[in-house]
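Pasting my_file.tsv here (TSV, C-alpha atoms and all ligand atoms):
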```
chain	number	residue	atom	x	y	z
P	1	MET	CA	8.33	25.73	-15.49
P	2	ARG	CA	5.59	23.36	-14.45
P	3	HIS	CA	6.52	20.78	-11.79
P	4	VAL	CA	4.79	17.43	-12.20
P	5	GLU	CA	5.64	15.00	-9.40
P	6	LEU	CA	4.84	11.46	-10.52
P	7	ARG	CA	7.46	9.48	-8.60
P	8	SER	CA	5.15	8.50	-5.78
P	9	ASP	CA	1.88	9.31	-4.02
P	10	THR	CA	3.99	9.56	-0.85
P	11	MET	CA	5.11	12.96	-2.19
P	12	THR	CA	1.68	14.41	-1.37
P	13	ARG	CA	1.89	17.29	1.07
P	14	PRO	CA	-0.76	17.83	3.75
P	15	THR	CA	-3.78	19.82	2.57
P	16	PRO	CA	-4.69	23.20	4.13
P	17	ALA	CA	-7.52	21.44	6.03
P	18	MET	CA	-4.96	18.99	7.45
P	19	ARG	CA	-2.62	21.81	8.53
P	20	ARG	CA	-5.51	23.48	10.36
P	21	ALA	CA	-6.61	20.22	12.00
P	22	MET	CA	-3.03	19.52	13.09
P	23	ALA	CA	-2.63	23.00	14.61
P	24	GLU	CA	-5.87	22.67	16.55
P	25	ALA	CA	-5.62	18.99	17.57
P	26	ASP	CA	-6.45	18.01	21.11
P	27	VAL	CA	-3.52	15.88	22.32
P	28	GLY	CA	-2.26	13.72	25.18
P	29	ASP	CA	0.25	10.91	25.68
P	30	ASP	CA	-0.80	8.11	23.35
P	31	VAL	CA	1.44	5.51	25.03
P	32	PHE	CA	-0.82	6.07	28.06
P	33	GLY	CA	-3.82	5.80	25.70
P	34	GLU	CA	-4.58	9.44	26.47
P	35	ASP	CA	-4.41	11.14	23.12
P	36	PRO	CA	-8.06	11.89	22.30
P	37	THR	CA	-7.34	12.57	18.62
P	38	VAL	CA	-5.48	9.29	18.12
P	39	ASN	CA	-8.30	7.49	19.93
P	40	ARG	CA	-10.85	9.10	17.62
P	41	LEU	CA	-8.86	8.22	14.51
P	42	GLU	CA	-8.60	4.61	15.67
P	43	VAL	CA	-12.36	4.38	16.23
P	44	MET	CA	-13.01	6.00	12.86
P	45	ALA	CA	-10.63	3.64	11.03
P	46	ALA	CA	-11.98	0.51	12.74
P	47	GLU	CA	-15.56	1.49	11.86
P	48	ARG	CA	-14.57	2.29	8.31
P	49	LEU	CA	-13.14	-1.22	7.83
P	50	GLY	CA	-15.75	-3.04	9.90
P	51	LYS	CA	-13.29	-4.20	12.55
P	52	ALA	CA	-13.55	-3.97	16.34
P	53	ALA	CA	-10.34	-2.04	16.92
P	54	ALA	CA	-7.47	-0.19	15.28
P	55	LEU	CA	-3.95	1.03	16.01
P	56	PHE	CA	-2.25	4.16	14.66
P	57	VAL	CA	1.36	3.42	13.65
P	58	PRO	CA	4.19	5.46	12.12
P	59	SER	CA	4.45	3.70	8.74
P	60	GLY	CA	3.12	1.01	6.44
P	61	THR	CA	6.30	-0.99	6.97
P	62	MET	CA	5.75	-1.00	10.71
P	63	ALA	CA	2.06	-1.83	10.21
P	64	ASN	CA	3.06	-4.97	8.31
P	65	LEU	CA	5.80	-5.98	10.74
P	66	ILE	CA	3.54	-5.44	13.77
P	67	SER	CA	0.81	-7.53	12.14
P	68	GLN	CA	3.23	-10.29	11.20
P	69	MET	CA	4.84	-10.50	14.63
P	70	THR	CA	1.46	-10.41	16.35
P	71	HIS	CA	0.20	-13.37	14.31
P	72	CYS	CA	3.46	-15.38	14.23
P	73	GLY	CA	5.99	-16.56	16.76
P	74	ARG	CA	9.70	-17.23	16.32
P	75	GLY	CA	10.28	-19.70	13.47
P	76	ASP	CA	6.70	-19.64	12.23
P	77	GLU	CA	6.09	-19.31	8.52
P	78	MET	CA	4.28	-16.62	6.56
P	79	ILE	CA	3.18	-17.16	2.95
P	80	LEU	CA	3.21	-14.12	0.70
P	81	GLY	CA	3.62	-13.09	-2.92
P	82	SER	CA	7.04	-13.12	-4.58
P	83	LEU	CA	6.46	-9.44	-5.45
P	84	ALA	CA	4.91	-8.43	-2.14
P	85	HIS	CA	6.11	-5.10	-0.75
P	86	SER	CA	6.65	-6.93	2.52
P	87	PHE	CA	8.97	-9.41	0.85
P	88	TYR	CA	10.67	-7.03	-1.54
P	89	TYR	CA	10.94	-3.61	0.04
P	90	GLU	CA	10.95	-4.00	3.82
P	91	GLN	CA	14.52	-5.20	4.37
P	92	GLY	CA	13.30	-8.67	5.20
P	93	GLY	CA	12.19	-7.29	8.55
P	94	SER	CA	9.88	-10.22	9.18
P	95	ALA	CA	12.96	-12.45	9.31
P	96	ALA	CA	15.53	-9.95	10.58
P	97	VAL	CA	13.42	-8.54	13.40
P	98	ALA	CA	10.60	-11.00	14.06
P	99	SER	CA	12.25	-14.37	13.23
P	100	ILE	CA	9.43	-15.24	10.82
P	101	HIS	CA	10.23	-17.53	7.93
P	102	PRO	CA	8.87	-16.06	4.68
P	103	ARG	CA	7.70	-18.40	1.94
P	104	THR	CA	6.79	-16.92	-1.41
P	105	VAL	CA	4.27	-17.99	-4.02
P	106	PRO	CA	4.65	-16.36	-7.47
P	107	ASN	CA	2.47	-13.28	-7.90
P	108	GLN	CA	0.40	-13.26	-11.06
P	109	PRO	CA	0.30	-10.01	-13.09
P	110	ASP	CA	-3.11	-9.21	-11.52
P	111	GLY	CA	-1.59	-9.27	-8.02
P	112	THR	CA	-3.15	-12.59	-7.01
P	113	LEU	CA	-1.43	-15.77	-5.83
P	114	PRO	CA	-2.74	-18.88	-7.62
P	115	LEU	CA	-5.14	-20.51	-5.15
P	116	ASP	CA	-3.86	-24.05	-5.75
P	117	GLU	CA	-0.23	-23.02	-5.20
P	118	LEU	CA	-1.19	-20.99	-2.16
P	119	GLU	CA	-3.02	-23.90	-0.57
P	120	ALA	CA	-0.22	-26.33	-1.47
P	121	ALA	CA	2.29	-24.05	0.27
P	122	ILE	CA	0.56	-24.41	3.64
P	123	ARG	CA	2.61	-26.91	5.67
P	124	GLY	CA	1.28	-30.08	7.17
P	125	ASP	CA	2.16	-31.21	10.68
P	126	ASN	CA	5.72	-32.54	10.36
P	127	ILE	CA	8.71	-32.09	12.65
P	128	HIS	CA	10.83	-30.98	9.67
P	129	PHE	CA	8.61	-28.05	8.79
P	130	PRO	CA	8.05	-24.61	10.20
P	131	ARG	CA	4.43	-24.00	11.14
P	132	THR	CA	2.44	-21.93	8.66
P	133	ARG	CA	0.65	-19.24	10.66
P	134	LEU	CA	-0.07	-16.48	8.20
P	135	ILE	CA	-1.00	-15.65	4.62
P	136	ALA	CA	-0.34	-12.06	3.57
P	137	LEU	CA	-1.94	-10.41	0.55
P	138	GLU	CA	-1.42	-6.92	-0.86
P	139	ASN	CA	-4.29	-4.71	-2.08
P	140	THR	CA	-3.72	-2.79	-4.31
P	141	HIS	CA	-0.63	-4.61	-5.44
P	142	ASN	CA	2.14	-2.09	-5.89
P	143	LEU	CA	4.63	-4.06	-8.03
P	144	CYS	CA	1.79	-5.58	-10.05
P	145	GLY	CA	0.86	-2.13	-11.35
P	146	GLY	CA	-1.53	-1.13	-8.58
P	147	ALA	CA	-3.78	-4.10	-9.28
P	148	PRO	CA	-6.86	-4.29	-7.03
P	149	LEU	CA	-7.81	-7.69	-5.60
P	150	GLU	CA	-11.52	-8.44	-5.94
P	151	PRO	CA	-13.85	-9.52	-3.11
P	152	ALA	CA	-14.40	-12.96	-4.71
P	153	TYR	CA	-10.66	-13.65	-4.72
P	154	LEU	CA	-10.30	-12.45	-1.13
P	155	ARG	CA	-13.17	-14.75	-0.15
P	156	ALA	CA	-11.45	-17.71	-1.77
P	157	VAL	CA	-8.21	-16.97	0.11
P	158	GLY	CA	-10.16	-16.46	3.33
P	159	ASP	CA	-11.75	-19.88	2.86
P	160	ILE	CA	-8.36	-21.51	2.42
P	161	ALA	CA	-6.97	-19.74	5.49
P	162	ARG	CA	-9.93	-20.76	7.65
P	163	ARG	CA	-9.82	-24.34	6.42
P	164	HIS	CA	-6.20	-24.63	7.53
P	165	GLY	CA	-6.40	-22.56	10.70
P	166	VAL	CA	-4.06	-19.91	9.24
P	167	LYS	CA	-4.52	-16.13	9.72
P	168	LEU	CA	-4.89	-13.66	6.87
P	169	HIS	CA	-3.21	-10.25	6.86
P	170	ILE	CA	-3.90	-7.74	4.11
P	171	ASP	CA	-1.34	-5.05	3.36
P	172	GLY	CA	-3.81	-2.44	2.20
P	173	ALA	CA	-1.35	0.43	1.88
P	174	ARG	CA	-3.62	1.58	-0.97
P	175	LEU	CA	-6.79	-0.20	0.12
P	176	PHE	CA	-8.97	2.82	-0.65
P	177	ASN	CA	-7.62	2.90	-4.19
P	178	ALA	CA	-8.73	-0.72	-4.55
P	179	ALA	CA	-12.17	0.12	-3.19
P	180	ALA	CA	-12.49	3.10	-5.56
P	181	ALA	CA	-11.38	1.08	-8.59
P	182	LEU	CA	-13.72	-1.82	-7.82
P	183	GLY	CA	-16.63	0.37	-6.75
P	184	VAL	CA	-17.06	-1.44	-3.43
P	185	PRO	CA	-16.83	-0.17	0.17
P	186	ALA	CA	-13.37	-0.68	1.70
P	187	GLN	CA	-15.13	-2.66	4.41
P	188	GLN	CA	-15.98	-5.36	1.89
P	189	LEU	CA	-12.27	-5.75	1.08
P	190	ALA	CA	-11.49	-6.15	4.79
P	191	LEU	CA	-14.10	-8.80	5.52
P	192	GLU	CA	-11.82	-11.85	5.27
P	193	ALA	CA	-8.81	-10.28	6.97
P	194	ASP	CA	-7.76	-11.06	10.54
P	195	SER	CA	-5.68	-7.91	10.24
P	196	ILE	CA	-5.55	-5.19	7.62
P	197	SER	CA	-3.40	-2.09	7.34
P	198	PHE	CA	-3.66	1.03	5.23
P	199	CYS	CA	-1.49	4.10	4.70
P	200	LEU	CA	-2.73	7.59	5.45
P	201	SER	CA	0.49	9.01	4.02
P	202	LYS	CA	0.15	8.02	0.37
P	203	GLY	CA	-2.75	9.02	-1.88
P	204	LEU	CA	-4.73	10.15	1.16
P	205	ALA	CA	-2.11	12.90	1.61
P	206	ALA	CA	-1.54	12.83	5.37
P	207	PRO	CA	2.09	13.62	6.26
P	208	VAL	CA	2.70	10.52	8.42
P	209	GLY	CA	1.01	7.34	9.48
P	210	SER	CA	-0.72	4.06	8.84
P	211	VAL	CA	-3.48	2.21	10.66
P	212	VAL	CA	-3.77	-1.50	11.48
P	213	CYS	CA	-7.27	-2.87	12.09
P	214	GLY	CA	-8.40	-6.17	13.61
P	215	ASN	CA	-10.26	-7.64	16.56
P	216	SER	CA	-9.70	-6.34	20.10
P	217	ASP	CA	-7.36	-9.15	21.19
P	218	PHE	CA	-5.25	-8.72	18.08
P	219	ILE	CA	-4.99	-4.95	18.54
P	220	ARG	CA	-4.09	-5.33	22.23
P	221	GLU	CA	-1.14	-7.55	21.25
P	222	ALA	CA	-0.31	-5.32	18.27
P	223	ARG	CA	-0.01	-2.39	20.70
P	224	ARG	CA	2.70	-4.34	22.55
P	225	SER	CA	4.48	-5.09	19.26
P	226	ARG	CA	4.35	-1.42	18.30
P	227	LYS	CA	5.99	-0.47	21.59
P	228	VAL	CA	8.89	-2.93	21.28
P	229	LEU	CA	9.56	-1.67	17.75
P	230	GLY	CA	9.81	1.86	19.08
P	231	GLY	CA	6.58	2.93	17.46
P	232	GLY	CA	4.86	4.19	20.61
P	233	MET	CA	4.39	7.90	19.99
P	234	ARG	CA	3.42	10.58	22.51
P	235	GLN	CA	1.31	13.58	21.38
P	236	ALA	CA	0.61	11.78	18.11
P	237	GLY	CA	-2.75	13.53	17.84
P	238	VAL	CA	-1.09	16.19	15.68
P	239	LEU	CA	-0.53	13.44	13.13
P	240	ALA	CA	-3.79	11.60	13.71
P	241	ALA	CA	-5.67	14.86	13.12
P	242	ALA	CA	-4.35	14.93	9.56
P	243	GLY	CA	-5.25	11.25	9.27
P	244	MET	CA	-8.87	11.99	10.15
P	245	VAL	CA	-9.03	14.64	7.45
P	246	ALA	CA	-7.47	12.10	5.07
P	247	LEU	CA	-10.21	9.58	5.82
P	248	SER	CA	-13.06	12.04	5.65
P	249	GLU	CA	-11.99	14.25	2.73
P	250	MET	CA	-9.46	12.43	0.56
P	251	VAL	CA	-11.01	9.04	-0.12
P	252	ASP	CA	-13.84	9.90	-2.50
P	253	ARG	CA	-11.54	11.84	-4.82
P	254	LEU	CA	-9.19	8.90	-5.51
P	255	VAL	CA	-11.19	8.13	-8.67
P	256	GLU	CA	-9.71	11.35	-10.13
P	257	ASP	CA	-6.20	9.93	-9.64
P	258	HIS	CA	-7.26	6.76	-11.42
P	259	ALA	CA	-8.68	8.76	-14.34
P	260	ASN	CA	-5.42	10.72	-14.57
P	261	ALA	CA	-3.33	7.55	-14.45
P	262	ARG	CA	-5.44	6.17	-17.26
P	263	ARG	CA	-5.04	9.39	-19.26
P	264	LEU	CA	-1.29	9.08	-18.80
P	265	ALA	CA	-1.20	5.37	-19.69
P	266	VAL	CA	-3.21	5.85	-22.88
P	267	GLY	CA	-1.03	8.81	-23.87
P	268	LEU	CA	2.24	6.97	-23.20
P	269	ALA	CA	1.06	3.94	-25.16
P	270	GLY	CA	0.75	6.23	-28.20
P	271	ILE	CA	4.39	7.37	-28.04
P	272	ALA	CA	6.87	5.41	-30.18
P	273	GLY	CA	9.62	3.78	-28.12
P	274	LEU	CA	7.46	3.27	-25.03
P	275	GLU	CA	5.63	0.07	-24.27
P	276	LEU	CA	2.70	-0.61	-21.97
P	277	ASP	CA	-0.80	-2.00	-22.02
P	278	PRO	CA	-3.04	0.80	-20.71
P	279	GLU	CA	-5.89	-1.67	-20.09
P	280	ARG	CA	-3.85	-3.25	-17.35
P	281	TYR	CA	-3.83	-0.25	-15.04
P	282	LYS	CA	-6.89	0.28	-12.89
P	283	THR	CA	-5.64	2.52	-10.09
P	284	ASN	CA	-2.99	5.22	-9.67
P	285	ILE	CA	0.23	3.31	-10.43
P	286	ILE	CA	1.52	2.58	-13.91
P	287	TYR	CA	4.73	0.99	-15.10
P	288	PHE	CA	6.08	1.16	-18.64
P	289	GLU	CA	9.12	0.10	-20.61
P	290	VAL	CA	11.41	2.24	-22.71
P	291	ILE	CA	12.44	0.22	-25.76
P	292	LYS	CA	14.39	2.80	-27.74
P	293	PRO	CA	17.92	1.52	-28.43
P	294	GLY	CA	20.53	3.30	-26.34
P	295	LEU	CA	18.01	4.92	-24.01
P	296	GLY	CA	17.73	3.60	-20.45
P	297	ALA	CA	15.12	4.41	-17.82
P	298	ALA	CA	17.54	6.50	-15.74
P	299	GLU	CA	18.52	8.68	-18.73
P	300	LEU	CA	14.90	9.16	-19.71
P	301	ALA	CA	13.97	10.11	-16.13
P	302	ALA	CA	16.87	12.60	-16.06
P	303	ALA	CA	15.76	14.18	-19.36
P	304	LEU	CA	12.18	14.46	-18.07
P	305	GLN	CA	13.41	16.06	-14.85
P	306	GLN	CA	15.07	18.82	-16.88
P	307	GLU	CA	11.56	19.77	-17.96
P	308	GLY	CA	10.02	19.49	-14.51
P	309	VAL	CA	8.50	16.02	-14.86
P	310	ARG	CA	9.58	13.54	-12.19
P	311	LEU	CA	9.16	9.80	-12.77
P	312	LEU	CA	10.84	6.90	-11.01
P	313	ALA	CA	13.30	4.72	-12.95
P	314	SER	CA	12.34	1.43	-11.30
P	315	GLY	CA	14.43	-0.86	-13.50
P	316	ALA	CA	17.05	-0.59	-16.27
P	317	HIS	CA	14.27	-0.04	-18.82
P	318	THR	CA	11.24	0.34	-16.58
P	319	LEU	CA	9.70	3.57	-15.29
P	320	ARG	CA	6.96	4.11	-12.78
P	321	ALA	CA	4.44	6.92	-12.59
P	322	VAL	CA	2.00	7.41	-9.71
P	323	THR	CA	-0.82	9.95	-9.73
P	324	HIS	CA	-2.18	11.79	-6.66
P	325	TYR	CA	-4.12	14.88	-5.65
P	326	GLU	CA	-1.36	17.32	-6.55
P	327	VAL	CA	-1.37	16.12	-10.18
P	328	THR	CA	-4.07	17.52	-12.49
P	329	ALA	CA	-5.23	16.41	-15.94
P	330	ALA	CA	-3.39	19.47	-17.34
P	331	ASP	CA	-0.21	18.23	-15.61
P	332	ILE	CA	-0.65	14.87	-17.30
P	333	ASP	CA	-1.01	16.54	-20.70
P	334	TYR	CA	2.12	18.58	-20.01
P	335	ALA	CA	4.03	15.42	-19.01
P	336	LEU	CA	2.86	13.66	-22.18
P	337	ASN	CA	3.98	16.59	-24.35
P	338	VAL	CA	7.41	16.61	-22.73
P	339	MET	CA	7.69	12.84	-23.10
P	340	ALA	CA	6.70	12.92	-26.79
P	341	ARG	CA	9.28	15.65	-27.46
P	342	ILE	CA	12.07	13.76	-25.69
P	343	MET	CA	11.27	10.46	-27.36
P	344	LYS	CA	11.38	12.00	-30.87
J	1	LIG	C1	4.36	2.02	0.71
J	1	LIG	C2	3.97	0.64	0.98
J	1	LIG	C3	4.22	0.05	2.22
J	1	LIG	C4	5.07	0.71	3.27
J	1	LIG	O1	4.64	1.92	3.72
J	1	LIG	P1	5.70	2.96	4.36
J	1	LIG	O2	4.79	3.92	5.06
J	1	LIG	O3	6.44	3.54	3.22
J	1	LIG	O4	6.55	2.22	5.30
J	1	LIG	C5	3.75	-1.22	2.44
J	1	LIG	N1	3.08	-1.87	1.49
J	1	LIG	C6	2.82	-1.35	0.29
J	1	LIG	C7	2.04	-2.12	-0.71
J	1	LIG	C8	3.26	-0.07	-0.02
J	1	LIG	O5	3.05	0.45	-1.23
```
Let me see whether you can do it: turn the structure in this file into structure tokens.
Ligand SMILES: *Cc1c(COP(=O)(O)O)cnc(C)c1O
Amino acid sequence: MRHVELRSDTMTRPTPAMRRAMAEADVGDDVFGEDPTVNRLEVMAAERLGKAAALFVPSGTMANLISQMTHCGRGDEMILGSLAHSFYYEQGGSAAVASIHPRTVPNQPDGTLPLDELEAAIRGDNIHFPRTRLIALENTHNLCGGAPLEPAYLRAVGDIARRHGVKLHIDGARLFNAAAALGVPAQQLALEADSISFCLSKGLAAPVGSVVCGNSDFIREARRSRKVLGGGMRQAGVLAAAGMVALSEMVDRLVEDHANARRLAVGLAGIAGLELDPERYKTNIIYFEVIKPGLGAAELAAALQQEGVRLLASGAHTLRAVTHYEVTAADIDYALNVMARIMK
């Protein structure tokens, strides 16, 4: 039986080139700043995003929390989307761990926050209010169907942030998917950000790790935040080595994942009892609804699993599929055949 893993791009296993690089990595103690491979990855990542410095961290969640606590002090406010990963899926760590007050603005289906509402949410100087220190965007936007945020929108948010003396963090867990979908260098999507993070461990297929980029002062403070969160790693070069392969070999191929996601979306839209607008999906994440009476997302996912196709039931009637380098066009066709048979 074929096995088609569409639950998440975090399921990607390291490539043979990564395994080799990990085995051969030059390492030292990174808490002492002495892991040459981590240092090289950080230089590579900073250059790639056009920032002065970078920090290798264990996860995207920690990358966000480190960035938030570096920009904000106790009781400061951060504005972010109502569907932001940071708000939705990170245990409220900004509040629980860093004492940051989160304020949400409704995400639009395209992943943006309406500019007027965003600007109106920034607090004036008043003893009753927390101080707004940070705006956080997400690119691509996971819960908005992997929507990429365009440079013009980022510029508009950057203008608002500058005008009000507020910092901008971009959660770019899938930043390179956004760049691939928009046909722009990732650097252009980082331009407005005071800090920007991306995951090596998702579509880029590294086993572990994220990187936060920013200016040198920011990264110096972020390094302190990483340490207090327990994210200071020792011979982390074995992980960073895979991250360097991810950046050099796995970025240009992301367009294939987008083509496969599109192939899947168009195919699913043609199956009776499933509902989605394939035009909406521009990267590697799609969501769709099952609207057949008596059939829920969990039952459908279980039936698909029987035939080797793994999807995520993300709501009572909503399923998610994410493409990545271990999924081929033939796998997509197989998944569509299985789906059509089950839905009949
Ligand atoms: C996955 C994800 C994260 C968190 O990354 P982890 O490495 O799983 O902690 C943060 N933001 C977005 C948008 C994500 O998709």
Item to check | Contacts of segment 324-335 of chain P at 12 Å (only C-alpha atoms; same-chain gap of 6+ positions) as a PyMOL selection string | outcome: chain P and resi 1-15+174+177+201-206+246+249-268+283-285+301+303-311+341-342
Could you turn the residues from that selection into a file that holds C-alpha atoms, as a tab-separated table (two decimals), in the frame of the given file?
```tsv
chain	number	residue	atom	x	y	z
P	1	MET	CA	8.33	25.73	-15.49
P	2	ARG	CA	5.59	23.36	-14.45
P	3	HIS	CA	6.52	20.78	-11.79
P	4	VAL	CA	4.79	17.43	-12.20
P	5	GLU	CA	5.64	15.00	-9.40
P	6	LEU	CA	4.84	11.46	-10.52
P	7	ARG	CA	7.46	9.48	-8.60
P	8	SER	CA	5.15	8.50	-5.78
P	9	ASP	CA	1.88	9.31	-4.02
P	10	THR	CA	3.99	9.56	-0.85
P	11	MET	CA	5.11	12.96	-2.19
P	12	THR	CA	1.68	14.41	-1.37
P	13	ARG	CA	1.89	17.29	1.07
P	14	PRO	CA	-0.76	17.83	3.75
P	15	THR	CA	-3.78	19.82	2.57
P	174	ARG	CA	-3.62	1.58	-0.97
P	177	ASN	CA	-7.62	2.90	-4.19
P	201	SER	CA	0.49	9.01	4.02
P	202	LYS	CA	0.15	8.02	0.37
P	203	GLY	CA	-2.75	9.02	-1.88
P	204	LEU	CA	-4.73	10.15	1.16
P	205	ALA	CA	-2.11	12.90	1.61
P	206	ALA	CA	-1.54	12.83	5.37
P	246	ALA	CA	-7.47	12.10	5.07
P	249	GLU	CA	-11.99	14.25	2.73
P	250	MET	CA	-9.46	12.43	0.56
P	251	VAL	CA	-11.01	9.04	-0.12
P	252	ASP	CA	-13.84	9.90	-2.50
P	253	ARG	CA	-11.54	11.84	-4.82
P	254	LEU	CA	-9.19	8.90	-5.51
P	255	VAL	CA	-11.19	8.13	-8.67
P	256	GLU	CA	-9.71	11.35	-10.13
P	257	ASP	CA	-6.20	9.93	-9.64
P	258	HIS	CA	-7.26	6.76	-11.42
P	259	ALA	CA	-8.68	8.76	-14.34
P	260	ASN	CA	-5.42	10.72	-14.57
P	261	ALA	CA	-3.33	7.55	-14.45
P	262	ARG	CA	-5.44	6.17	-17.26
P	263	ARG	CA	-5.04	9.39	-19.26
P	264	LEU	CA	-1.29	9.08	-18.80
P	265	ALA	CA	-1.20	5.37	-19.69
P	266	VAL	CA	-3.21	5.85	-22.88
P	267	GLY	CA	-1.03	8.81	-23.87
P	268	LEU	CA	2.24	6.97	-23.20
P	283	THR	CA	-5.64	2.52	-10.09
P	284	ASN	CA	-2.99	5.22	-9.67
P	285	ILE	CA	0.23	3.31	-10.43
P	301	ALA	CA	13.97	10.11	-16.13
P	303	ALA	CA	15.76	14.18	-19.36
P	304	LEU	CA	12.18	14.46	-18.07
P	305	GLN	CA	13.41	16.06	-14.85
P	306	GLN	CA	15.07	18.82	-16.88
P	307	GLU	CA	11.56	19.77	-17.96
P	308	GLY	CA	10.02	19.49	-14.51
P	309	VAL	CA	8.50	16.02	-14.86
P	310	ARG	CA	9.58	13.54	-12.19
P	311	LEU	CA	9.16	9.80	-12.77
P	341	ARG	CA	9.28	15.65	-27.46
P	342	ILE	CA	12.07	13.76	-25.69
```
Next on the checklist: Let me make sure I understand: among P:Ala96, P:Ala178, P:Ile170, P:Ala321, which one has the smallest atom-to-atom distance to Gly214 of chain P if we use only C-alpha atoms?
Outcome noted: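 Closest residue, counting only C-alpha atoms: P:Ile170.
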Checklist entry - Taking all atoms listed in the file into account, which of P:Glu90, P:Glu34, P:Glu77, P:Glu42 comes nearest ligand LIG 1 (chain J)? => result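 Going through P:Glu90, P:Glu34, P:Glu77, P:Glu42 one by one, the smallest distance to ligand LIG 1 (chain J) is for P:Glu90.
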Next on the checklist: Any residue with an atom at most 9 Å from ligand LIG 1 (chain J) counts, using all atoms listed in the file. Which are they? Put them as a ChimeraX atom specification.
Outcome noted: /P:10,58-64,84-86,89-90,138-143,146,171-174,197-202,208-210
Item to check | Among listed residues P:Asp277, P:Val211, P:Val338, P:Leu65, nearest Gln91 of chain P (using all atoms listed in the file) | outcome: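 Of P:Asp277, P:Val211, P:Val338, P:Leu65, the one nearest Gln91 of chain P is P:Leu65, counting all atoms listed in the file.
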Considering all atoms listed in the file, tabulate each residue of segment 189-276 of chain P that lies at most 12 Å from segment 152-163 of chain P along with its nearest interatomic pair and the corresponding distance in Å to one decimal; arrange the rows by chain and ascending residue number and present them as JSON lines.
```
{"residue": "P:Leu189", "atom": "CA", "partner": "P:Leu154", "partner_atom": "CA", "distance": 7.3}
{"residue": "P:Ala190", "atom": "CA", "partner": "P:Leu154", "partner_atom": "CA", "distance": 8.7}
{"residue": "P:Leu191", "atom": "CA", "partner": "P:Arg155", "partner_atom": "CA", "distance": 8.3}
{"residue": "P:Glu192", "atom": "CA", "partner": "P:Gly158", "partner_atom": "CA", "distance": 5.3}
{"residue": "P:Ala193", "atom": "CA", "partner": "P:Gly158", "partner_atom": "CA", "distance": 7.3}
{"residue": "P:Asp194", "atom": "CA", "partner": "P:Gly158", "partner_atom": "CA", "distance": 9.3}
{"residue": "P:Ser195", "atom": "CA", "partner": "P:Gly158", "partner_atom": "CA", "distance": 11.9}
```
